[in-house]
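**Q** Before anything else, here's the structure in question.
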Amino acid sequence: MSADDVVFLASPLTFDPSVVDIFLALSSGAQLLIIPSVIKKMPGRLARLLFKHHKTTVLQVTPTLLVRFGQHILKQEVLSSGSSLRVLALGGETCPSPALLRSWRHESNKTHIYNLYGITEVSCWACSYSIPESVLQCNDTTLSAVPLGTPLMDTMVEVRDEDGSIVTEGEGQVFIGGEGRVCLLDDEEAVIPGTMRATGDWVSVKDAQLCYLGRKDRLIKRHGKRVNLDSLQQLILSLPQVEACAVSLYEGSRLLAFVVAFTPAEQTAEHRGDPRSAAKHHQEETGGADGDLSRLILSRLSQVLPAHSVPDVLVLVPSLCLTPHGKVDMEALVKIYQRQRQSLESSRGDVSKLKQTLQSLWQETLGLPEDASVDEDSSFLSSGGDSLKALHLCEDILAAVGVTSPELLEAILDGTFSDVLRHVTRAALNTLFENSRSSLPKAKKRHTDAPSVAPAKRERQASAAAEETRAVRVLRRAGEVIEMKIRNPETHENLQGNALGGRDSGEKGGGDALGLSLSWSSDTGRCVDASPVILVQDRSDQTADEGQASVFIGSHSHRIQALDLTDGSLLWERVLGDRIEASAAVSHCGTLVVIGCYDGCVYFLCAASGKTRWMFETGDAVKSCPAVDPLTGLVIVGSHDGHVYALNPKVQQCVWRRHCGGGAVFSSPYLHTSLRQLYAASLGGHLLCLNPDSGEVLWSLCRDVPFFSSPNGSSGHVVIGSVDGNICCFSDTGKLVWQFLTKGPVFSSPCVTPDRQRVLCGSHDGHLYCLNCADGSLVWTFRTTGRVFSSPCVFDGSVVGRRGLLVALASTDGTVWILDGRDGRKLASLALPGELFSSPVVWGRSLVVGCRNDYVYCLQLAVKEETG
């Protein structure tokens with residue numbers, strides 16, 4: 001230790017390791033870092049404070065507290081290659097296995113990791129073991145458990161069997177003492193020097209090394225057979241699907257295993273090379289929905305354990321509950337199980353009653369009278385709350401609603417009453433939704449085909465069909481449909497248009513309402529802000545309905561997935577260099593998927609296999625969705641470096657680039673093919689009209705407010721939304737034709753109907769507006785239950801037996817809406833368990849949308865017959 005060290009006071013003052021932290025810092029002149037308890041419950045914030053702001057060098061924690069960071073934060077920050085952490089001391093619980101420690105640690109990390117062992121009865125630590133670098137570097141595979149190590153100064157450690165005899169090889173209980181290691185317990189007034197205290201800990205002794213087996217009271221008999229609950233816990237932890245685990249015996253006979261599932265996004269660095277291995281790993285690690293994952297883990301345990309040791313129930317939890325001392329709070333976990341045993345309907349009640357319940361708890365925590373009103377925009381802290389009251393409110397809400405949510409505390413501290421209500425509602429809906437999803441037929445779930453086989457199969461199909469004429473349709477956000485006819489790989493005849501053109505007859509269908517139901521879902525590992533792209537490929541010997549449809553979508557987990565639209569099975573998956581917010585495009589030959597990434601690169605991937613064909617690097621993150629020129633094949637995309645790039649994938653060159661006058665290019669370029677004009681907008685408020693062949697600026701204008709919305713075309717005009725709340729229409733020469741003012745910023749990109757008579761656009765004010773393209777007059781408006789960030793999708797109602805156009809819409813509160821395109825009347829809605837920034841895309845009866853709860857959802861549209 002030196003004065004340059006920073007010691008984090010991880011333990012509360014009621015836990016004896018805190019004394020070590022305090023005097024370790026004081027005796028060496030080091031800094032002692034003290035952080036409010038409420039921050040310790042927020043792993044992301046805690047990691048930033050420890051390793052980015054204060055450069056902590058010494059960390060003494062329980063393994064359970066360490067696991068709360070999650071594998072991603074552990075590897076990227078705590079035990080990263082450049083981590084400030086010199087010493088990681090783990091104690092108070094069973095030390096994680098060497099394999100688990102290796103999975104948390106970057107291969108270049110230099111942190112020294114110690115296993116500390118001791119009991120309060122002898123004033124804290126008694127043994128220490130420095131884990132060798134050979135073990136942490138995976139060179140030594142002989143060590144399956146971390147030993148307790150050698151006794152500290154003036155400390156004696158013995159292992160005795162149940163008869164009190166010393167054990168030198170075998171199993172027994174640990175006793176600790178020594179001349180100077182004596183504490184007075186309970187009513188003791190004096191203790192004989194050299195007294196040995198029974199620890200209650202059972203160990204195995206081999207070659208003078210002590211390895212922890214578990215607490216003596218955790219060695220139970222079940223069905224007449226011996227079960228070591230701690231050993232069972234360690235075995236479950238060794239499974240690749242499990243990040244953390246706690247095992248308990250309930251009511252004397254029921255064996256419960258509480259499991260924190262491993263997040264697949266945290267394996268991105270390990271699978272950057274081979275998309276097939278990444279996809280295979282993803283399937284093996286997640287097992288699909290929660291029900292599948294539970295069955296997978298129990299099946300694995302049944303293969304290696306006798307029947308009496310297999311848990312009766314596996315309870316998936318977002319994180320292990322902790323005591324104030326950072327150890328597993330088994331009592332709190334059992335309460336979660338008890339709540340989950342109750343009927344979901346009775347335990348959660350009507351979701352509409354949640355607001356009333358939350359308002360009551362809010363008033364009670366803040367000491368407000370019952371008749372006091374709680375404003376939707378009320379902040380808990382500014383209303384008189386503090387971090388301690390926030391903790392109480394968080395616990396009361398979770399207990400009352402019967403859900404688990406580690407993010408709720410952060411929502412209470414940072415958000416408004418409305419934000420907290422939305423968060424709790426989503427948590428309740430999430431549990432209900434997961435149960436309905438687990439009852440879906442097996443064929444409708446992901447992972448039905450082995451991903452290692454699927455890409456090869458797709459490539460063979462593509463090869464066999466290479467010489468045939470095929471029709472290709474690409475469906476993107478804002479209802480855009482691109483149709484192409486391809487003769488062979490070298491010659492492409494392209495037609496751009498909209499498959500819905502001229503279909504709006506203005507007549508309503510019958511009196512039947514519509515229904516939305518879950519068809520399948522796919523876990524991407526992190527939140528999905530990108531919009532899906534659907535590629536439909538028809539060979540000449542097939543009808544349109546027989547064509548193969550694939551969904552391409554990226555997520556914050558760095559992954560882009562290709563999914564079969566029919567059943568959601570994974571066709572291939574790629575892990576790119578950083579997170580993906582951009583929506584994909586398909587090249588004009590129909591064989592490449594083009595997508596931008598936060599690493600500043602534009603990736604050109606084989607649509608059949610996901611293999612990289614070309615990668616172009618811009619100067620900053622790419623969140624823009626590319627536009628594809630059907631005449632030249634150029635792919636035109638914006639970057640946060642402020643430029644628009646025209647890329648030729650055939651020769652793998654940048655043909656031209658144009659700076660857009662200031663500010664990042666967030667939105668997607670729009671190409672008006674007949675006028676040969678390209679429109680691009682920037683966050684600096686610039687709207688440019690470019691020549692798509694040369695990048696020459698034809699005209700430009702600046703409104704001094706950012707453009708997050710993407711431009712779209714209508715009868716020679718261009719329409720775009722603005723942060724100042726206006727939906728603006730400009731002529732092909734840059735003259736303002738009309739503008740319509742909403743009551744909030746407009747991030748939504750306009751969607752133009754096939755007949756070019758109407759434009760639809762959402763606003764932060766929660767409305768979808770349908771405007772007349774000619775003069776901007778309001779045709780109709782629809783009020784959602786959230787804000788509208790994404791773009792609406794117009795599609796043909798005949799797919800569900802209705803005449804005219806239908807509109808699919810997503811609001812940020814997680815609701816998907818289906819509206820009548822003529823008057824905006826609601827026909828159907830479905831609440832998803834997460835925020836929706838992604839724009840829905842519809843093909844046939846399938847609606848696909850990304851969700852911020854990490855999933856991509858496919859919903860099925862159907863006619864719901866009215867009764868009576």
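Following the order of the structure tokens, chains are lettered A, B, ..., residues in each are numbered from 1, and ligands are numbered from 1.
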Write out as a PyMOL selection string which residues come within 9 Å of A:Gly662 when counting only C-alpha atoms, dropping same-chain ones fewer than 5 positions away.
**A** chain A and resi 642-643+682-686
**Q** Would you export the selected residues with all heavy atoms as a PDB file, in the first residue's frame, please?
**A**
ATOM      1  N   GLY A 642     -20.395  14.437 -40.207  1.00  0.00           N
ATOM      2  CA  GLY A 642     -20.980  15.554 -40.953  1.00  0.00           C
ATOM      3  C   GLY A 642     -21.016  15.370 -42.451  1.00  0.00           C
ATOM      4  O   GLY A 642     -21.449  16.268 -43.171  1.00  0.00           O
ATOM      5  N   HIS A 643     -20.584  14.206 -42.950  1.00  0.00           N
ATOM      6  CA  HIS A 643     -20.544  13.965 -44.394  1.00  0.00           C
ATOM      7  C   HIS A 643     -21.612  12.970 -44.827  1.00  0.00           C
ATOM      8  O   HIS A 643     -22.083  12.140 -44.034  1.00  0.00           O
ATOM      9  CB  HIS A 643     -19.170  13.414 -44.810  1.00  0.00           C
ATOM     10  CG  HIS A 643     -18.055  14.395 -44.717  1.00  0.00           C
ATOM     11  ND1 HIS A 643     -17.371  14.630 -43.546  1.00  0.00           N
ATOM     12  CD2 HIS A 643     -17.481  15.206 -45.666  1.00  0.00           C
ATOM     13  CE1 HIS A 643     -16.431  15.542 -43.760  1.00  0.00           C
ATOM     14  NE2 HIS A 643     -16.475  15.905 -45.043  1.00  0.00           N
ATOM     15  N   SER A 682     -29.036  17.474 -41.600  1.00  0.00           N
ATOM     16  CA  SER A 682     -28.038  17.356 -40.539  1.00  0.00           C
ATOM     17  C   SER A 682     -28.582  17.892 -39.223  1.00  0.00           C
ATOM     18  O   SER A 682     -29.583  18.616 -39.178  1.00  0.00           O
ATOM     19  CB  SER A 682     -26.767  18.124 -40.921  1.00  0.00           C
ATOM     20  OG  SER A 682     -26.941  19.518 -40.749  1.00  0.00           O
ATOM     21  N   LEU A 683     -27.873  17.546 -38.141  1.00  0.00           N
ATOM     22  CA  LEU A 683     -28.251  18.051 -36.820  1.00  0.00           C
ATOM     23  C   LEU A 683     -27.899  19.529 -36.669  1.00  0.00           C
ATOM     24  O   LEU A 683     -28.287  20.154 -35.681  1.00  0.00           O
ATOM     25  CB  LEU A 683     -27.553  17.229 -35.729  1.00  0.00           C
ATOM     26  CG  LEU A 683     -27.905  15.736 -35.668  1.00  0.00           C
ATOM     27  CD1 LEU A 683     -27.267  15.080 -34.448  1.00  0.00           C
ATOM     28  CD2 LEU A 683     -29.404  15.519 -35.635  1.00  0.00           C
ATOM     29  N   GLY A 684     -27.170  20.067 -37.637  1.00  0.00           N
ATOM     30  CA  GLY A 684     -26.915  21.499 -37.646  1.00  0.00           C
ATOM     31  C   GLY A 684     -28.047  22.294 -38.255  1.00  0.00           C
ATOM     32  O   GLY A 684     -27.959  23.524 -38.376  1.00  0.00           O
ATOM     33  N   GLY A 685     -29.123  21.622 -38.654  1.00  0.00           N
ATOM     34  CA  GLY A 685     -30.285  22.297 -39.214  1.00  0.00           C
ATOM     35  C   GLY A 685     -30.217  22.515 -40.704  1.00  0.00           C
ATOM     36  O   GLY A 685     -31.030  23.264 -41.266  1.00  0.00           O
ATOM     37  N   HIS A 686     -29.273  21.865 -41.405  1.00  0.00           N
ATOM     38  CA  HIS A 686     -29.120  22.045 -42.835  1.00  0.00           C
ATOM     39  C   HIS A 686     -29.901  20.968 -43.594  1.00  0.00           C
ATOM     40  O   HIS A 686     -29.877  19.793 -43.231  1.00  0.00           O
ATOM     41  CB  HIS A 686     -27.645  21.960 -43.243  1.00  0.00           C
ATOM     42  CG  HIS A 686     -26.806  23.053 -42.664  1.00  0.00           C
ATOM     43  ND1 HIS A 686     -26.583  24.249 -43.315  1.00  0.00           N
ATOM     44  CD2 HIS A 686     -26.140  23.141 -41.485  1.00  0.00           C
ATOM     45  CE1 HIS A 686     -25.809  25.020 -42.575  1.00  0.00           C
ATOM     46  NE2 HIS A 686     -25.527  24.370 -41.457  1.00  0.00           N
TER      47      HIS A 686
END
**Q** Identify, on the basis of only C-alpha atoms, every residue whose closest approach to A:Gln757 does not exceed 10 Å; exclude the query and any residue fewer than 4 positions from it along the same chain; express the result as a ChimeraX atom specification.
**A** /A:714-715,752-753,771-774
**Q** Let me make sure I understand: among A:Ala681, A:Met196, A:Ile35, A:Leu514, which one has the smallest atom-to-atom distance to A:Ile720 if we use only C-alpha atoms?
**A** A:Ala681
**Q** Which polymer residues have any atom within 7 Å of an atom of stretch 694-709 of chain A, counting only C-alpha atoms, with same-chain residues fewer than 5 positions away left out, as a list in words?
**A**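 Answer for this query is Trp656, Arg657, Arg658, Phe666, Ser667, Ala681, Ser682, Leu683, Gly684, Gly685, His686, Leu687, Leu688, Cys689, Ile720, Gly721, Ser722, Val723, Asp724, Thr733, Gly734, Val746, Phe747, Ser748 and Ser749 of chain A.
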**Q** Can you list, as a list in words, every protein, DNA or RNA residue that comes within 9 Å of A:Leu210 when you count only C-alpha atoms, leaving out same-chain residues fewer than 2 positions away?
**A**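 Result of the neighbour search: Val146, Pro147, Leu148, Gly149, Thr150, Val159, Val203, Ser204, Val205, Lys206, Asp207, Ala208 and Tyr212 of chain A.
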**Q** Just the selected residues (N, CA, C and O atoms), exported as a compact mmCIF listing (two decimals), in the first residue's frame, please.
**A**
# COMPACT_ATOMS: atom_id res chain seq x y z
N VAL A 146 -10.72 -22.51 -5.84
CA VAL A 146 -9.69 -21.65 -5.27
C VAL A 146 -9.49 -22.02 -3.80
O VAL A 146 -10.44 -21.96 -3.02
N PRO A 147 -8.27 -22.39 -3.38
CA PRO A 147 -8.02 -22.75 -1.98
C PRO A 147 -8.22 -21.57 -1.03
O PRO A 147 -8.20 -20.40 -1.46
N LEU A 148 -8.38 -21.88 0.27
CA LEU A 148 -8.50 -20.83 1.28
C LEU A 148 -7.16 -20.16 1.54
O LEU A 148 -7.12 -19.03 2.04
N GLY A 149 -6.06 -20.86 1.26
CA GLY A 149 -4.75 -20.24 1.39
C GLY A 149 -4.10 -20.53 2.73
O GLY A 149 -4.51 -21.40 3.49
N THR A 150 -3.05 -19.77 3.01
CA THR A 150 -2.25 -19.98 4.22
C THR A 150 -2.70 -19.05 5.33
O THR A 150 -3.17 -17.93 5.08
N VAL A 159 -8.41 -28.48 10.78
CA VAL A 159 -9.59 -29.14 10.25
C VAL A 159 -9.85 -30.39 11.09
O VAL A 159 -8.95 -31.21 11.27
N VAL A 203 -14.70 -28.15 4.79
CA VAL A 203 -13.69 -28.06 3.73
C VAL A 203 -13.17 -29.44 3.40
O VAL A 203 -13.36 -30.40 4.15
N SER A 204 -12.49 -29.53 2.27
CA SER A 204 -11.73 -30.73 1.93
C SER A 204 -10.25 -30.39 2.03
O SER A 204 -9.84 -29.27 1.70
N VAL A 205 -9.46 -31.35 2.51
CA VAL A 205 -8.02 -31.16 2.66
C VAL A 205 -7.31 -32.11 1.71
O VAL A 205 -7.53 -33.32 1.74
N LYS A 206 -6.45 -31.53 0.87
CA LYS A 206 -5.66 -32.34 -0.05
C LYS A 206 -4.34 -31.64 -0.30
O LYS A 206 -4.32 -30.47 -0.70
N ASP A 207 -3.25 -32.37 -0.07
CA ASP A 207 -1.90 -31.80 -0.26
C ASP A 207 -1.73 -30.51 0.52
O ASP A 207 -1.18 -29.51 0.02
N ALA A 208 -2.25 -30.51 1.76
CA ALA A 208 -2.13 -29.37 2.68
C ALA A 208 -2.93 -28.14 2.23
O ALA A 208 -2.84 -27.08 2.85
N TYR A 212 -12.96 -24.91 0.16
CA TYR A 212 -14.26 -24.72 0.82
C TYR A 212 -15.34 -25.57 0.16
O TYR A 212 -15.47 -25.58 -1.07
**Q** By how many Å are atom CA of A:Val157 and atom CA of A:Thr199 apart?
**A**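 Distance reported for this atom pair: 10.4 Å.
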**Q** Neighbours of stretch 17-34 of chain A within 8 Å (only C-alpha atoms; same-chain residues fewer than 5 positions away dropped), as a ChimeraX atom specification?
**A** /A:1-12,60,124
**Q** What parts of stretch 71-240 of chain A does DSSP call alpha helix (DSSP H)? I'd like the answer as a list in words.
**A**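 Result set for stretch 71-240 of chain A (alpha helix (DSSP H)): Gln71, His72, Ile73, Pro98, Ala99, Leu100, Leu101, Arg102, Ser103, Trp104, Glu133, Ser134, Val135, Leu136, Leu229, Asp230, Ser231, Leu232, Gln233, Gln234, Leu235, Ile236 and Leu237 of chain A.
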**Q** Could those selected residues go to a file with C-alpha atoms, as a PDB file, in the first residue's frame?
**A**
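File written: part39.pdb
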ATOM      1  CA  GLN A  71     -20.109  -9.733 -16.966  1.00  0.00           C
ATOM      2  CA  HIS A  72     -19.949  -6.867 -19.458  1.00  0.00           C
ATOM      3  CA  ILE A  73     -18.963  -4.213 -16.886  1.00  0.00           C
ATOM      4  CA  PRO A  98     -10.996 -20.046 -11.659  1.00  0.00           C
ATOM      5  CA  ALA A  99     -12.955 -20.505 -14.893  1.00  0.00           C
ATOM      6  CA  LEU A 100     -15.504 -17.878 -13.825  1.00  0.00           C
ATOM      7  CA  LEU A 101     -12.773 -15.464 -12.787  1.00  0.00           C
ATOM      8  CA  ARG A 102     -11.113 -15.918 -16.179  1.00  0.00           C
ATOM      9  CA  SER A 103     -14.386 -15.108 -17.943  1.00  0.00           C
ATOM     10  CA  TRP A 104     -14.602 -11.805 -16.033  1.00  0.00           C
ATOM     11  CA  GLU A 133      -1.279 -15.639 -12.837  1.00  0.00           C
ATOM     12  CA  SER A 134      -0.974 -19.049 -14.522  1.00  0.00           C
ATOM     13  CA  VAL A 135      -4.463 -19.897 -13.303  1.00  0.00           C
ATOM     14  CA  LEU A 136      -5.904 -16.543 -14.391  1.00  0.00           C
ATOM     15  CA  LEU A 229     -26.367 -26.972  -1.191  1.00  0.00           C
ATOM     16  CA  ASP A 230     -23.170 -24.963  -1.702  1.00  0.00           C
ATOM     17  CA  SER A 231     -21.679 -27.594  -4.002  1.00  0.00           C
ATOM     18  CA  LEU A 232     -24.934 -27.655  -5.971  1.00  0.00           C
ATOM     19  CA  GLN A 233     -24.757 -23.864  -6.197  1.00  0.00           C
ATOM     20  CA  GLN A 234     -21.204 -24.026  -7.559  1.00  0.00           C
ATOM     21  CA  LEU A 235     -22.216 -26.640 -10.124  1.00  0.00           C
ATOM     22  CA  ILE A 236     -25.074 -24.478 -11.405  1.00  0.00           C
ATOM     23  CA  LEU A 237     -22.678 -21.523 -11.574  1.00  0.00           C
TER      24      LEU A 237
END
**Q** Taking only C-alpha atoms into account, which of A:Gly776, A:Pro369, A:Gly801, A:Pro711 comes nearest A:Leu671?
**A** A:Pro711
**Q** In terms of the shortest atom-to-atom distance over only C-alpha atoms, which of A:Cys660, A:Leu298, A:Val247, A:Val174 is closest to A:Cys211?
**A** A:Val174
**Q** So how many Å separate atom CA of A:Cys770 and atom CA of A:Cys858, to one decimal?
**A**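 Atom CA of A:Cys858 lies 25.7 Å from atom CA of A:Cys770.
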**Q** Skip stretch 580-587 of chain A itself and residues of its chain fewer than 4 positions away, then list as a list in words all residues within 6 Å of it, counting only C-alpha atoms.
**A**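 Contacts, with the query itself left out: Asp529, Ala530, Ser531, Gly554, Ser555, His556, His558, Leu592, Val593, Val594, Ile595, Gly596, Cys597, Lys623, Ser624, Cys625 and Pro626 of chain A.
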**Q** Take the residues from that selection and write them out as an mmCIF file, in the first residue's frame, keeping C-alpha atoms.
**A**
data_model
loop_
_atom_site.group_PDB
_atom_site.id
_atom_site.type_symbol
_atom_site.label_atom_id
_atom_site.label_comp_id
_atom_site.auth_asym_id
_atom_site.auth_seq_id
_atom_site.Cartn_x
_atom_site.Cartn_y
_atom_site.Cartn_z
ATOM 1 C CA ASP A 529 -33.609 1.059 -31.494
ATOM 2 C CA ALA A 530 -33.074 0.160 -35.143
ATOM 3 C CA SER A 531 -35.983 -0.511 -37.461
ATOM 4 C CA GLY A 554 -29.238 -4.680 -35.388
ATOM 5 C CA SER A 555 -29.083 -3.855 -31.678
ATOM 6 C CA HIS A 556 -26.968 -2.190 -29.002
ATOM 7 C CA HIS A 558 -23.237 -5.005 -31.507
ATOM 8 C CA LEU A 592 -25.919 -7.529 -49.791
ATOM 9 C CA VAL A 593 -27.166 -6.130 -46.514
ATOM 10 C CA VAL A 594 -25.703 -2.697 -45.756
ATOM 11 C CA ILE A 595 -25.635 -1.345 -42.204
ATOM 12 C CA GLY A 596 -23.876 1.424 -40.296
ATOM 13 C CA CYS A 597 -22.280 1.011 -36.881
ATOM 14 C CA LYS A 623 -26.619 5.993 -37.276
ATOM 15 C CA SER A 624 -28.021 6.852 -40.698
ATOM 16 C CA CYS A 625 -29.953 4.305 -42.742
ATOM 17 C CA PRO A 626 -28.475 4.044 -46.260
#
